[in-house]
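Participant: Quick one: structure below, then a few questions.
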Amino acid sequence: MKELPKDIEVGLGMLAGAYIRPPKNYGKSYIRTNEALSRYYTKFPIEDGRVLTVAASGDHILQAVCNGAKVIDAFDKNRFQLYVSKLKIAALKALTQDEFAQYFCFKRNGDFFNDLLWKELYLKIREKLDFDSVVFWDTMYQNGDLENNLNKFFHLQTFVDDGHGSFAFDENYEKTKENLEDVQINLYHSTFHSFVDKLNDGLYYDAIFMSNITDYLEDDEFLGLTDFLNTEVHRHLNSGGKVAVYTPPHRKYMGFGEYVDPDGMAEENKVYIYTKR
């Protein structure tokens with residue numbers, strides 16, 4: 001609650017175009033991932049396990065839910081992504097598969113935006129949100145032109161992972177909705193390094209999904225990533241636990257032993273996997 005006023009202040013500033021660069025801990029948000037999660041999450045035996053992942057658009061969280069994880073810790077240094085993740089989790093609980101696809105622009109054909117429909121669907125989602133998220137999204141959605149605001153607040157990238165196994169498609173949507181009733185999701189405002197540094201001894205993960213956060217690491221963090229994985233991260237992995245990084249091929253020297261090339265993955269980005277031996 002104490003961060004909510006600042007979150008709203010910066011959010012309204014984003015919508016008003018007040019920033020050349022948003023303040024620290026904030027930034028334009030992703031409405032969807034650009035990773036083919038359904039193609040590489042199968043490499044990770046996370047059923048009934050504990051997962052650490054980026055919050056981002058919420059897609060990593062929901063894919064882990066779909067694949068049977070029981071405890072999911074999600075972090076992000078951009079505070080807006082925590083609200084986006086909560087919005088998406090609430091939406092999956094509240095909406096039908098078709099409504100979810102329309103609300104988060106998973107539809108491929110035609111103009112995805114329908115102002116009236118968007119507002120009607122948000123009223124359903126709102127019932128599943130916590131208090132802070134209701135106040136935040138009510139403010140963002142009610143301030144000015146909705147479609148214009150969405151373009152200022154979100155990266156509305158066009159990639160949609162509709163492969164077999166995606167949480168948002170086919171029978172997996174209802175499976176994910178059902179799994180949400182029996183999963184613990186913890187959201188944290190944090191960088192990857194800070195989160196791992198503060199982990200208690202005896203806390204272990206079956207899988208850690210870093211997404212493309214290596215693209216955003218400071219120079220010293222990036223250069224020390226291999227050592228960080230081999231020491232701090234390594235000691236918080238269960239035996240056989242894995243870490244996935246989505247990154248350009250020229251960064252594969254970082255020490256990730258196993259290389260995975262999922263079908264359909266764009267050539268400019270690959271998934272690299274570090275495995276605890």
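Please note that chains go A, B, ... in the order of the structure tokens, that every chain numbers its residues from 1, and that ligands are numbered from 1 in the order shown.
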I'd like the contact shell of Ile213 (chain A) - 12 Å cut-off, only C-alpha atoms, skipping same-chain residues fewer than 5 positions apart - returned as a list of chain:residue names.
Facilitator: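 Skipping anything fewer than 5 positions along the chain leaves A:Thr53, A:Val54, A:Ala55, A:Ala56, A:Phe75, A:Asp76, A:Lys77, A:Asn78, A:Thr191, A:Phe192, A:His193, A:Glu218, A:Glu221, A:Phe222, A:Leu225, A:Ala244, A:Val245, A:Tyr246, A:Thr247, A:Pro248.
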Participant: Taking 3 positions as the minimum chain separation for residues in the same chain, which residues sit within 10 Å of Gly58 (chain A) when counting only C-alpha atoms? Answer as a PyMOL selection string.
Facilitator: chain A and resi 30-33+53-55+61-63+74+81-89
Participant: Do you know which residues are at most 10 Å from His234 (chain A) counting only C-alpha atoms, after dropping those on the same chain fewer than 2 positions away, and could you put them as a PyMOL selection string?
Facilitator: chain A and resi 204-205+227-232+236-239+241-243+274-277
Participant: Quick one: DSSP alpha helix (DSSP H) residues in region 5-250 of chain A, as a PyMOL selection string?
Facilitator: chain A and resi 5-15+37-40+59-66+79-94+97-103+115-126+131-142+146-153+172-179+192-197+219-223+225-228
Participant: Using backbone DSSP assignments, extract all strand (DSSP E) residues from region 68-277 of chain A; output them as number ranges by chain.
Facilitator: A: 71-76, 154-155, 184-189, 205-209, 237-247, 258-260, 270-275
Participant: In terms of the shortest atom-to-atom distance over only C-alpha atoms, which of A:Ser29, A:Asp206, A:Gly13, A:Asn200 is closest to Leu150 (chain A)?
Facilitator: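 Among the listed residues, the smallest separation from Leu150 (chain A) belongs to A:Ser29.
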Participant: Hey, can you check how far CA of Ala90 (chain A) sits from CA of Val134 (chain A)?
Facilitator: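 One can read the CA of Ala90 (chain A) to CA of Val134 (chain A) distance as 10.8 Å.
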Participant: Which neighbours of Phe153 (chain A) fall inside 12 Å, counting only C-alpha atoms, when residues of the same chain fewer than 4 positions from it are skipped, and could you give them as a list in words?
Facilitator: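 Counting only the stated atoms, we get Val10, Gly11, Leu12, Gly13, Met14, Leu15, Ala16, Gly17, Tyr19, Pro22, Tyr26, Gly27, Lys28, Ser29, Tyr30, Ile31, Phe80, Gln81, Tyr83, Val84, Trp137, Met140, Tyr141, Leu146, Glu147, Asn148 and Asn149 of chain A.
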Participant: When you draw a straight line from CA of Ala91 (chain A) to CA of Glu174 (chain A), how long is it in Å?
Facilitator: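 So the two atoms, CA of Ala91 (chain A) and CA of Glu174 (chain A), lie 12.6 Å apart.
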Participant: Pick the closest to Lys93 (chain A) from A:Glu120, A:Glu9, A:Glu47, A:Glu127: which is it, counting only C-alpha atoms?
Facilitator: A:Glu127
Participant: Please provide the set of residues having any atom within 10 Å of Ala168 (chain A), restricted to only C-alpha atoms, with same-chain residues fewer than 6 positions apart removed, written as a list in words.
Facilitator: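 Within the cut-off, the hits are Ser38, Asp59, Leu62, Gln63, Cys66, Leu92, Gln97, Asp98, Phe100, Ala101, Phe106, Val160, Asp161, Asp162, Glu174, Lys175, Thr176 and Lys177 of chain A.
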Participant: Keeping only N, CA and C atoms, take the residues you just selected and write them out as an mmCIF file, in the first residue's frame.
Facilitator:
```cif
data_model
loop_
_atom_site.group_PDB
_atom_site.id
_atom_site.type_symbol
_atom_site.label_atom_id
_atom_site.label_comp_id
_atom_site.auth_asym_id
_atom_site.auth_seq_id
_atom_site.Cartn_x
_atom_site.Cartn_y
_atom_site.Cartn_z
ATOM 1 N N SER A 38 5.872 -22.340 -24.548
ATOM 2 C CA SER A 38 5.331 -23.699 -24.643
ATOM 3 C C SER A 38 6.350 -24.669 -25.218
ATOM 4 N N ASP A 59 3.165 -14.060 -18.191
ATOM 5 C CA ASP A 59 3.088 -15.287 -18.994
ATOM 6 C C ASP A 59 3.977 -16.386 -18.431
ATOM 7 N N LEU A 62 2.126 -17.923 -15.505
ATOM 8 C CA LEU A 62 0.988 -18.756 -15.889
ATOM 9 C C LEU A 62 1.425 -20.016 -16.628
ATOM 10 N N GLN A 63 2.538 -19.950 -17.371
ATOM 11 C CA GLN A 63 3.032 -21.168 -18.005
ATOM 12 C C GLN A 63 3.519 -22.149 -16.944
ATOM 13 N N CYS A 66 0.488 -23.730 -15.529
ATOM 14 C CA CYS A 66 -0.006 -24.736 -16.473
ATOM 15 C C CYS A 66 0.788 -26.028 -16.376
ATOM 16 N N LEU A 92 -7.291 -14.553 -16.057
ATOM 17 C CA LEU A 92 -7.446 -15.972 -16.350
ATOM 18 C C LEU A 92 -8.471 -16.610 -15.417
ATOM 19 N N GLN A 97 -11.753 -18.396 -22.245
ATOM 20 C CA GLN A 97 -10.561 -18.395 -23.085
ATOM 21 C C GLN A 97 -10.672 -17.353 -24.194
ATOM 22 N N ASP A 98 -11.829 -17.245 -24.818
ATOM 23 C CA ASP A 98 -12.003 -16.287 -25.903
ATOM 24 C C ASP A 98 -11.914 -14.855 -25.375
ATOM 25 N N PHE A 100 -10.270 -13.848 -22.706
ATOM 26 C CA PHE A 100 -8.872 -13.626 -22.347
ATOM 27 C C PHE A 100 -8.059 -13.282 -23.599
ATOM 28 N N ALA A 101 -8.292 -14.017 -24.667
ATOM 29 C CA ALA A 101 -7.567 -13.791 -25.915
ATOM 30 C C ALA A 101 -7.830 -12.391 -26.458
ATOM 31 N N PHE A 106 -4.461 -11.572 -27.910
ATOM 32 C CA PHE A 106 -3.975 -12.829 -28.469
ATOM 33 C C PHE A 106 -4.660 -13.138 -29.805
ATOM 34 N N VAL A 160 2.631 -14.021 -30.729
ATOM 35 C CA VAL A 160 1.713 -14.812 -29.909
ATOM 36 C C VAL A 160 2.154 -16.271 -29.969
ATOM 37 N N ASP A 161 2.463 -16.829 -28.817
ATOM 38 C CA ASP A 161 2.847 -18.240 -28.747
ATOM 39 C C ASP A 161 1.585 -19.087 -28.680
ATOM 40 N N ASP A 162 1.172 -19.592 -29.828
ATOM 41 C CA ASP A 162 -0.027 -20.429 -29.857
ATOM 42 C C ASP A 162 0.335 -21.884 -30.091
ATOM 43 N N GLU A 174 -8.146 -24.142 -19.559
ATOM 44 C CA GLU A 174 -8.927 -24.624 -18.420
ATOM 45 C C GLU A 174 -8.038 -25.352 -17.410
ATOM 46 N N LYS A 175 -7.025 -26.035 -17.907
ATOM 47 C CA LYS A 175 -6.077 -26.699 -17.010
ATOM 48 C C LYS A 175 -5.366 -25.676 -16.129
ATOM 49 N N THR A 176 -4.929 -24.569 -16.721
ATOM 50 C CA THR A 176 -4.249 -23.517 -15.962
ATOM 51 C C THR A 176 -5.191 -22.877 -14.961
ATOM 52 N N LYS A 177 -6.423 -22.639 -15.382
ATOM 53 C CA LYS A 177 -7.423 -22.070 -14.478
ATOM 54 C C LYS A 177 -7.646 -22.981 -13.268
#
```
Participant: Would you mind listing what lies within 10 Å of Asp48 (chain A) as a PyMOL selection string, with only C-alpha atoms counted and same-chain residues fewer than 3 positions away left out?
Facilitator: chain A and resi 45+51+65+67-71+183+206
Participant: Write the residues of the preceding selection, restricted to C-alpha atoms, as a CSV table (one decimal), in the first residue's frame.
Facilitator:
```csv
chain,number,residue,atom,x,y,z
A,45,PRO,CA,10.3,-31.1,-14.7
A,51,VAL,CA,9.9,-22.1,-9.6
A,65,VAL,CA,1.1,-22.9,-13.4
A,67,ASN,CA,3.0,-27.1,-16.1
A,68,GLY,CA,2.1,-27.9,-12.6
A,69,ALA,CA,4.4,-25.9,-10.3
A,70,LYS,CA,3.0,-25.6,-6.8
A,71,VAL,CA,5.0,-22.5,-5.6
A,183,VAL,CA,-0.8,-22.9,-6.4
A,206,ASP,CA,13.5,-26.9,-9.3
```
Participant: For the atom pair CA of Ala94 (chain A) and CA of Ile125 (chain A), what is the interatomic distance in Å to one decimal place?
Facilitator: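 If I compute the distance from CA of Ala94 (chain A) to CA of Ile125 (chain A), I get 5.5 Å.
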